[in-house]
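Chemist: See final04.cif below, with mmCIF, C-alpha atoms.
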data_entry
#
loop_
_atom_site.label_atom_id
_atom_site.label_comp_id
_atom_site.auth_asym_id
_atom_site.auth_seq_id
_atom_site.Cartn_x
_atom_site.Cartn_y
_atom_site.Cartn_z
CA MET A 1 32.26 29.08 27.88
CA ALA A 2 30.58 30.45 30.98
CA GLY A 3 26.82 30.74 31.44
CA TYR A 4 24.72 31.53 28.38
CA SER A 5 27.71 32.47 26.24
CA MET A 6 28.57 30.34 23.22
CA SER A 7 31.63 29.75 21.10
CA ARG A 8 31.81 31.53 17.77
CA ASP A 9 31.11 28.21 16.03
CA GLU A 10 27.98 27.69 18.08
CA TYR A 11 26.69 31.15 17.09
CA LEU A 12 27.47 30.40 13.44
CA ASN A 13 25.71 27.01 13.62
CA ARG A 14 22.63 28.58 15.11
CA LEU A 15 22.58 31.39 12.57
CA ARG A 16 22.95 28.93 9.70
CA ARG A 17 20.03 26.96 11.07
CA ILE A 18 18.01 30.20 11.28
CA GLU A 19 18.95 31.02 7.68
CA GLY A 20 17.65 27.57 6.67
CA GLN A 21 14.41 28.20 8.55
CA VAL A 22 13.94 31.53 6.76
CA ARG A 23 14.47 29.79 3.41
CA GLY A 24 11.91 27.23 4.57
CA LEU A 25 9.48 30.09 5.17
CA GLN A 26 9.98 31.27 1.58
CA ARG A 27 9.22 27.77 0.32
CA MET A 28 6.10 27.59 2.49
CA VAL A 29 4.83 30.92 1.12
CA SER A 30 5.57 29.86 -2.48
CA GLU A 31 3.72 26.60 -2.00
CA ASP A 32 0.71 28.27 -0.37
CA THR A 33 1.17 26.42 2.91
CA TYR A 34 -1.60 26.92 5.47
CA CYS A 35 -1.05 30.30 7.26
CA ILE A 36 -1.06 28.81 10.75
CA ASP A 37 1.79 26.45 9.85
CA ILE A 38 3.81 29.35 8.47
CA LEU A 39 3.13 31.33 11.66
CA THR A 40 4.31 28.42 13.80
CA GLN A 41 7.59 28.47 11.89
CA VAL A 42 7.86 32.26 12.31
CA SER A 43 7.51 31.82 16.10
CA SER A 44 10.21 29.20 16.00
CA VAL A 45 12.62 31.53 14.13
CA SER A 46 11.88 34.26 16.71
CA ASN A 47 12.68 31.88 19.54
CA ALA A 48 15.92 30.85 17.88
CA LEU A 49 16.91 34.49 17.37
CA ARG A 50 16.20 35.22 21.03
CA GLY A 51 18.60 32.43 21.98
CA VAL A 52 21.35 34.07 19.94
CA ALA A 53 20.58 37.49 21.42
CA VAL A 54 20.66 36.20 24.99
CA GLY A 55 24.05 34.57 24.37
CA LEU A 56 25.49 37.75 22.87
CA LEU A 57 24.19 39.88 25.74
CA ASP A 58 25.62 37.52 28.33
CA GLU A 59 28.98 37.67 26.64
CA HIS A 60 28.86 41.43 26.29
CA VAL A 61 28.11 41.98 29.98
CA ARG A 62 30.66 39.33 31.01
CA HIS A 63 33.47 40.84 28.98
CA CYS A 64 33.08 44.35 27.57
CA VAL A 65 30.98 45.80 30.39
CA MET A 66 33.09 44.21 33.13
CA ASP A 67 36.44 45.09 31.59
CA ALA A 68 35.31 48.68 31.29
CA ALA A 69 34.08 48.55 34.89
CA ALA A 70 37.44 47.26 36.07
CA ALA A 71 38.91 50.38 34.47
CA GLY A 72 36.40 52.55 36.39
CA ASP A 73 34.26 53.22 33.31
CA ASP A 74 30.54 52.42 33.45
CA SER A 75 29.64 54.03 30.12
CA LYS A 76 29.15 50.56 28.59
CA VAL A 77 26.16 49.95 30.85
CA ASP A 78 23.99 52.57 29.10
CA GLU A 79 24.82 51.00 25.78
CA ALA A 80 23.98 47.50 27.01
CA THR A 81 20.70 48.67 28.56
CA ALA A 82 19.73 50.41 25.32
CA ALA A 83 20.37 47.14 23.44
CA ILE A 84 18.22 45.21 25.93
CA GLU A 85 15.42 47.75 25.52
CA ARG A 86 15.55 47.44 21.71
CA LEU A 87 15.30 43.65 22.03
CA LEU A 88 12.36 43.89 24.45
CA ARG A 89 10.51 46.11 21.99
CA SER A 90 11.33 44.02 18.92
CA MET B 1 -4.70 43.74 -0.72
CA ALA B 2 -6.72 44.89 2.26
CA GLY B 3 -5.26 46.12 5.54
CA TYR B 4 -2.01 44.58 6.70
CA SER B 5 -2.17 41.73 4.18
CA MET B 6 0.48 41.50 1.47
CA SER B 7 0.78 39.85 -1.89
CA ARG B 8 2.75 36.63 -2.09
CA ASP B 9 5.58 38.53 -3.81
CA GLU B 10 5.72 41.04 -1.01
CA TYR B 11 6.05 38.23 1.56
CA LEU B 12 8.80 36.64 -0.53
CA ASN B 13 10.64 39.95 -0.88
CA ARG B 14 10.54 40.51 2.84
CA LEU B 15 11.66 36.98 3.62
CA ARG B 16 14.56 37.26 1.14
CA ARG B 17 15.61 40.48 2.83
CA ILE B 18 15.44 38.73 6.22
CA GLU B 19 17.55 35.86 4.84
CA GLY B 20 20.13 38.44 3.74
CA GLN B 21 20.11 40.01 7.21
CA VAL B 22 20.69 36.60 8.81
CA ARG B 23 23.64 36.00 6.47
CA GLY B 24 24.86 39.46 7.49
CA LEU B 25 24.70 38.32 11.11
CA GLN B 26 26.92 35.34 10.28
CA ARG B 27 29.43 37.65 8.64
CA MET B 28 29.37 39.96 11.68
CA VAL B 29 30.04 37.03 14.03
CA SER B 30 32.87 35.71 11.81
CA GLU B 31 34.49 39.13 11.68
CA ASP B 32 34.19 39.65 15.43
CA THR B 33 31.97 42.69 15.08
CA TYR B 34 31.19 44.55 18.30
CA CYS B 35 28.40 42.68 20.19
CA ILE B 36 26.12 45.71 20.46
CA ASP B 37 26.14 46.16 16.67
CA ILE B 38 25.23 42.50 16.19
CA LEU B 39 22.42 42.86 18.74
CA THR B 40 21.06 45.90 16.88
CA GLN B 41 20.88 43.78 13.74
CA VAL B 42 19.17 40.94 15.67
CA SER B 43 16.48 43.42 16.83
CA SER B 44 16.03 44.55 13.28
CA VAL B 45 15.52 40.95 12.04
CA SER B 46 12.96 40.41 14.86
CA ASN B 47 11.08 43.53 13.80
CA ALA B 48 11.06 42.39 10.18
CA LEU B 49 9.77 38.95 11.19
CA ARG B 50 7.00 40.55 13.23
CA GLY B 51 5.91 42.46 10.13
CA VAL B 52 5.59 39.20 8.20
CA ALA B 53 3.69 37.56 11.08
CA VAL B 54 1.24 40.44 11.38
CA GLY B 55 0.53 40.29 7.66
CA LEU B 56 -0.07 36.54 7.74
CA LEU B 57 -2.37 36.82 10.76
CA ASP B 58 -4.39 39.58 9.14
CA GLU B 59 -4.83 37.47 6.04
CA HIS B 60 -5.70 34.40 8.04
CA VAL B 61 -8.44 36.17 10.02
CA ARG B 62 -9.70 37.96 6.90
CA HIS B 63 -10.01 34.77 4.87
CA CYS B 64 -9.83 31.42 6.62
CA VAL B 65 -11.47 32.46 9.89
CA MET B 66 -14.21 34.46 8.20
CA ASP B 67 -14.99 31.88 5.54
CA ALA B 68 -15.34 29.27 8.26
CA ALA B 69 -17.54 31.68 10.23
CA ALA B 70 -19.78 32.25 7.23
CA ALA B 71 -20.28 28.48 7.22
CA GLY B 72 -21.21 28.62 10.93
CA ASP B 73 -17.91 27.15 12.09
CA ASP B 74 -15.84 29.06 14.65
CA SER B 75 -13.25 26.33 15.24
CA LYS B 76 -10.66 28.38 13.34
CA VAL B 77 -10.71 31.02 16.06
CA ASP B 78 -9.06 28.75 18.65
CA GLU B 79 -6.35 27.94 16.19
CA ALA B 80 -5.76 31.61 15.36
CA THR B 81 -5.67 32.58 19.03
CA ALA B 82 -3.15 29.82 19.76
CA ALA B 83 -0.93 31.17 16.97
CA ILE B 84 -1.16 34.69 18.39
CA GLU B 85 -0.22 33.39 21.83
CA ARG B 86 2.82 31.58 20.43
CA LEU B 87 3.93 34.78 18.72
CA LEU B 88 3.44 36.84 21.88
CA ARG B 89 5.65 34.39 23.80
CA SER B 90 8.32 34.13 21.11
CA MET C 1 -17.07 30.07 27.08
CA ALA C 2 -15.34 28.84 23.95
CA GLY C 3 -11.59 28.55 23.47
CA TYR C 4 -9.40 31.12 25.21
CA SER C 5 -12.32 33.40 26.08
CA MET C 6 -13.20 33.93 29.74
CA SER C 7 -16.24 35.07 31.63
CA ARG C 8 -16.30 38.66 32.84
CA ASP C 9 -15.70 37.40 36.40
CA GLU C 10 -12.64 35.48 35.31
CA TYR C 11 -11.19 38.63 33.69
CA LEU C 12 -11.93 40.60 36.86
CA ASN C 13 -10.32 37.93 39.06
CA ARG C 14 -7.19 37.93 36.96
CA LEU C 15 -6.99 41.71 36.89
CA ARG C 16 -7.43 41.90 40.67
CA ARG C 17 -4.60 39.39 41.05
CA ILE C 18 -2.45 41.52 38.73
CA GLU C 19 -3.31 44.62 40.78
CA GLY C 20 -2.15 42.74 43.90
CA GLN C 21 1.09 41.78 42.14
CA VAL C 22 1.73 45.42 41.19
CA ARG C 23 1.18 46.47 44.81
CA GLY C 24 3.61 43.69 45.75
CA LEU C 25 6.14 45.27 43.39
CA GLN C 26 5.75 48.60 45.20
CA ARG C 27 6.39 46.87 48.53
CA MET C 28 9.45 45.14 47.11
CA VAL C 29 10.88 48.45 45.86
CA SER C 30 10.15 50.17 49.22
CA GLU C 31 11.86 47.37 51.12
CA ASP C 32 14.89 47.35 48.83
CA THR C 33 14.31 43.78 47.69
CA TYR C 34 17.05 42.29 45.51
CA CYS C 35 16.62 43.55 41.90
CA ILE C 36 16.51 40.10 40.36
CA ASP C 37 13.59 39.09 42.59
CA ILE C 38 11.70 42.24 41.58
CA LEU C 39 12.43 41.47 37.91
CA THR C 40 11.09 37.94 38.31
CA GLN C 41 7.85 39.42 39.63
CA VAL C 42 7.73 41.91 36.73
CA SER C 43 8.00 38.98 34.26
CA SER C 44 5.20 37.25 36.09
CA VAL C 45 2.92 40.33 35.82
CA SER C 46 3.74 40.53 32.08
CA ASN C 47 2.79 36.89 31.62
CA ALA C 48 -0.47 37.41 33.50
CA LEU C 49 -1.30 40.45 31.36
CA ARG C 50 -0.61 38.47 28.20
CA GLY C 51 -3.15 35.88 29.37
CA VAL C 52 -5.79 38.59 29.71
CA ALA C 53 -4.90 40.04 26.30
CA VAL C 54 -5.10 36.67 24.56
CA GLY C 55 -8.53 36.04 26.09
CA LEU C 56 -9.82 39.43 24.97
CA LEU C 57 -8.48 38.97 21.46
CA ASP C 58 -10.05 35.54 21.15
CA GLU C 59 -13.38 36.95 22.24
CA HIS C 60 -13.08 39.91 19.93
CA VAL C 61 -12.39 37.78 16.87
CA ARG C 62 -15.06 35.24 17.87
CA HIS C 63 -17.78 37.85 18.29
CA CYS C 64 -17.22 41.35 16.94
CA VAL C 65 -15.10 40.42 13.92
CA MET C 66 -17.31 37.48 12.95
CA ASP C 67 -20.60 39.30 13.44
CA ALA C 68 -19.32 42.09 11.23
CA ALA C 69 -18.16 39.49 8.69
CA ALA C 70 -21.58 37.86 8.66
CA ALA C 71 -22.91 41.29 7.68
CA GLY C 72 -20.34 41.47 4.85
CA ASP C 73 -18.12 43.95 6.66
CA ASP C 74 -14.43 43.14 7.15
CA SER C 75 -13.41 46.54 8.51
CA LYS C 76 -13.03 45.03 11.98
CA VAL C 77 -10.11 42.91 10.81
CA ASP C 78 -7.82 45.92 10.33
CA GLU C 79 -8.65 47.09 13.81
CA ALA C 80 -7.98 43.65 15.32
CA THR C 81 -4.67 43.31 13.44
CA ALA C 82 -3.58 46.74 14.64
CA ALA C 83 -4.33 45.69 18.24
CA ILE C 84 -2.29 42.49 17.77
CA GLU C 85 0.61 44.51 16.39
CA ARG C 86 0.53 46.87 19.38
CA LEU C 87 0.62 43.87 21.73
CA LEU C 88 3.51 42.28 19.85
CA ARG C 89 5.51 45.50 20.17
CA SER C 90 4.64 46.11 23.83
CA MET D 1 21.00 58.67 38.63
CA ALA D 2 23.00 57.37 35.72
CA GLY D 3 21.52 56.10 32.45
CA TYR D 4 18.19 54.34 32.58
CA SER D 5 18.27 53.96 36.36
CA MET D 6 15.65 55.76 38.45
CA SER D 7 15.36 56.86 42.04
CA ARG D 8 13.26 54.71 44.35
CA ASP D 9 10.54 57.40 44.27
CA GLU D 10 10.44 57.33 40.49
CA TYR D 11 9.96 53.54 40.53
CA LEU D 12 7.19 53.90 43.11
CA ASN D 13 5.48 56.63 41.07
CA ARG D 14 5.55 54.51 37.97
CA LEU D 15 4.27 51.44 39.79
CA ARG D 16 1.42 53.45 41.36
CA ARG D 17 0.48 54.70 37.91
CA ILE D 18 0.54 51.10 36.64
CA GLU D 19 -1.67 50.04 39.57
CA GLY D 20 -4.13 52.78 38.58
CA GLN D 21 -4.09 51.55 34.98
CA VAL D 22 -4.83 47.99 36.12
CA ARG D 23 -7.77 49.27 38.18
CA GLY D 24 -8.86 51.16 35.07
CA LEU D 25 -8.81 47.85 33.19
CA GLN D 26 -11.13 46.32 35.80
CA ARG D 27 -13.53 49.24 35.38
CA MET D 28 -13.42 48.85 31.60
CA VAL D 29 -14.24 45.13 31.85
CA SER D 30 -17.09 45.80 34.33
CA GLU D 31 -18.56 48.44 32.06
CA ASP D 32 -18.32 46.26 28.96
CA THR D 33 -15.95 48.63 27.20
CA TYR D 34 -15.15 47.76 23.58
CA CYS D 35 -12.47 44.99 23.51
CA ILE D 36 -10.08 46.92 21.31
CA ASP D 37 -10.00 49.83 23.76
CA ILE D 38 -9.25 47.44 26.62
CA LEU D 39 -6.47 45.86 24.55
CA THR D 40 -4.96 49.28 23.86
CA GLN D 41 -4.82 49.88 27.61
CA VAL D 42 -3.26 46.42 28.16
CA SER D 43 -0.49 47.32 25.67
CA SER D 44 0.07 50.56 27.50
CA VAL D 45 0.45 48.74 30.86
CA SER D 46 2.93 46.33 29.22
CA ASN D 47 4.96 49.23 27.89
CA ALA D 48 4.99 50.89 31.32
CA LEU D 49 6.12 47.64 32.96
CA ARG D 50 8.91 47.29 30.42
CA GLY D 51 10.14 50.77 31.39
CA VAL D 52 10.35 49.68 35.03
CA ALA D 53 12.14 46.44 34.09
CA VAL D 54 14.70 48.23 31.93
CA GLY D 55 15.46 50.65 34.78
CA LEU D 56 15.91 47.82 37.27
CA LEU D 57 18.17 45.87 34.91
CA ASP D 58 20.32 48.90 34.24
CA GLU D 59 20.72 49.45 37.95
CA HIS D 60 21.43 45.80 38.60
CA VAL D 61 24.21 45.64 36.01
CA ARG D 62 25.59 49.01 37.08
CA HIS D 63 25.82 48.09 40.75
CA CYS D 64 25.47 44.44 41.75
CA VAL D 65 27.09 42.90 38.69
CA MET D 66 29.93 45.40 38.61
CA ASP D 67 30.65 45.28 42.32
CA ALA D 68 30.85 41.52 42.12
CA ALA D 69 33.10 41.83 39.07
CA ALA D 70 35.43 44.19 40.92
CA ALA D 71 35.77 41.40 43.50
CA GLY D 72 36.64 38.93 40.71
CA ASP D 73 33.25 37.24 40.80
CA ASP D 74 31.23 36.96 37.60
CA SER D 75 28.51 34.68 39.00
CA LYS D 76 26.05 37.58 38.94
CA VAL D 77 26.16 37.66 35.14
CA ASP D 78 24.37 34.32 34.77
CA GLU D 79 21.67 35.52 37.09
CA ALA D 80 21.24 38.79 35.18
CA THR D 81 21.13 36.99 31.83
CA ALA D 82 18.51 34.58 33.14
CA ALA D 83 16.39 37.56 34.23
CA ILE D 84 16.75 39.15 30.78
CA GLU D 85 15.71 35.90 29.14
CA ARG D 86 12.60 35.65 31.35
CA LEU D 87 11.66 39.22 30.39
CA LEU D 88 12.18 38.52 26.67
CA ARG D 89 9.86 35.52 26.91
CA SER D 90 7.20 37.28 28.99
#
With the file now loaded, output its structure as structure tokens.
Modeler:
Amino acid sequence: MAGYSMSRDEYLNRLRRIEGQVRGLQRMVSEDTYCIDILTQVSSVSNALRGVAVGLLDEHVRHCVMDAAAAGDDSKVDEATAAIERLLRS
Amino acid sequence: MAGYSMSRDEYLNRLRRIEGQVRGLQRMVSEDTYCIDILTQVSSVSNALRGVAVGLLDEHVRHCVMDAAAAGDDSKVDEATAAIERLLRS
Amino acid sequence: MAGYSMSRDEYLNRLRRIEGQVRGLQRMVSEDTYCIDILTQVSSVSNALRGVAVGLLDEHVRHCVMDAAAAGDDSKVDEATAAIERLLRS
Amino acid sequence: MAGYSMSRDEYLNRLRRIEGQVRGLQRMVSEDTYCIDILTQVSSVSNALRGVAVGLLDEHVRHCVMDAAAAGDDSKVDEATAAIERLLRS
């Protein structure tokens, strides 16, 4: 795996961990955990999601965008940039 | 519920929806869905998480910070600001 | 100055430094500097702006929101939460 | 200009406008403007900076990354992904 890209299993592991963290958030809310502790966990889920997003983007540019480029087609760049913009706003 | 705050049930509903979206992400990765579509879903989970965070912060300032202030204690402000900073970085 | 708050001079110093960085960005664009180096500088301006925002928010909660609260008025909380949400989206 | 990319003049115009906004922030701080109004302006500067960053990234992928790819070199992808990650954290 080059650069920031991950294997499919690595993505799945990370997403399962994120799912567990989100279930942890539900438990914290149910048990009236102190807000600041819940917010710390929310930040940690956001960071974990960003890691997944960065890996997917790397892979997308490395494969889809470049393969299209090799075929003289740069239409994939607009699409990738739009995805980056959505992430930066989210 | 004042302002951005939510009831406990509303937080739980949102977090269950987020959990479902994260499971959806796992399915998308397993089925080799097109990267850009996965990234769109990641942005949507991030947006949903931000909604939960904003609600929790509102509640925290409205209750914990203000109750402490009424008792002449502003130590909760540092803690709230640190949580906001972590969210802005995440 | 308590917590993350700064003196007016400290805000002005930071903002003047940010202004200098933005002028630096103009020079980099004029001189055809390598994109990645310009982007690194853009991230650095964003980080510096976040520092200013966090300081202002801290101060706002510590003074305006709490003074209003002491007078039994929590209408400032909505306004503060809305500002936090705008920052989180920006 | 394809996609999100801009001409050099457009980048310079945007950066000059951002410089003016940052000077406006200094004026607001000097004149003791209400915190929330300063924060609204900070969010607006952040949004404007993001626009510049997205344009530069688009251009970088469209030209540098793709030219390198055409020459069988994907080392530019790591560099681009690292820049995206810095922006997402900033």
Chemist: Counting only C-alpha atoms, which of C:Arg8, C:Arg16, C:Arg86, C:Arg23 gets nearest to chain B?
Modeler: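 Among the listed residues, the smallest separation from chain B belongs to C:Arg86.
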Chemist: If the cut-off is 8 Å, can you tell me the residues of chain B near chain C, counting all atoms listed in the file? I'd like them as a list of chain:residue names.
Modeler: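 Listed by rising number, the hits are B:Gly3, B:Tyr4, B:Arg50, B:Val54, B:Leu57, B:Asp58, B:Val61, B:Arg62, B:Met66, B:Ala69, B:Ala70, B:Asp74, B:Val77, B:Asp78, B:Thr81, B:Ile84, B:Glu85, B:Leu87, B:Leu88.
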Chemist: Output the residue selection produced by the PyMOL selection byres ((chain C and resi 29) around 10) on the file above, formatted as a list in words.
Modeler: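 The output of the PyMOL selection byres ((chain C and resi 29) around 10) on this file is Arg23, Gly24, Leu25, Gln26, Arg27, Met28, Ser30, Glu31, Asp32, Thr33, Tyr34, Cys35 and Ile38 of chain C; Arg8, Asp9, Tyr11, Leu12, Leu15 and Leu56 of chain D.
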Chemist: Could you tell me, as a PyMOL selection string, which residues have any atom at most 9 Å from (12.7, 36.6, 8.1), counting all atoms listed in the file?
Modeler: (chain A and resi 18-19+21-23+25-26+42+45-46) or (chain B and resi 14-22+45-46+48-50+52)
Chemist: Just the number, please: distance in Å from atom CA of A:Glu10 to atom CA of C:Ser43, one decimal.
Modeler: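 Taking atom CA of A:Glu10 as the start and atom CA of C:Ser43 as the end point, the length is 28.1 Å.
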Chemist: Just how far from atom CA of C:Ala83 is atom CA of B:Ser7, in Å to one decimal?
Modeler: 21.6 Å
Chemist: One number please: atom CA of C:Asp73 to atom CA of B:Cys64, in Å, one decimal.
Modeler: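 Computed distance, atom CA of C:Asp73 to atom CA of B:Cys64, equals 15.0 Å.
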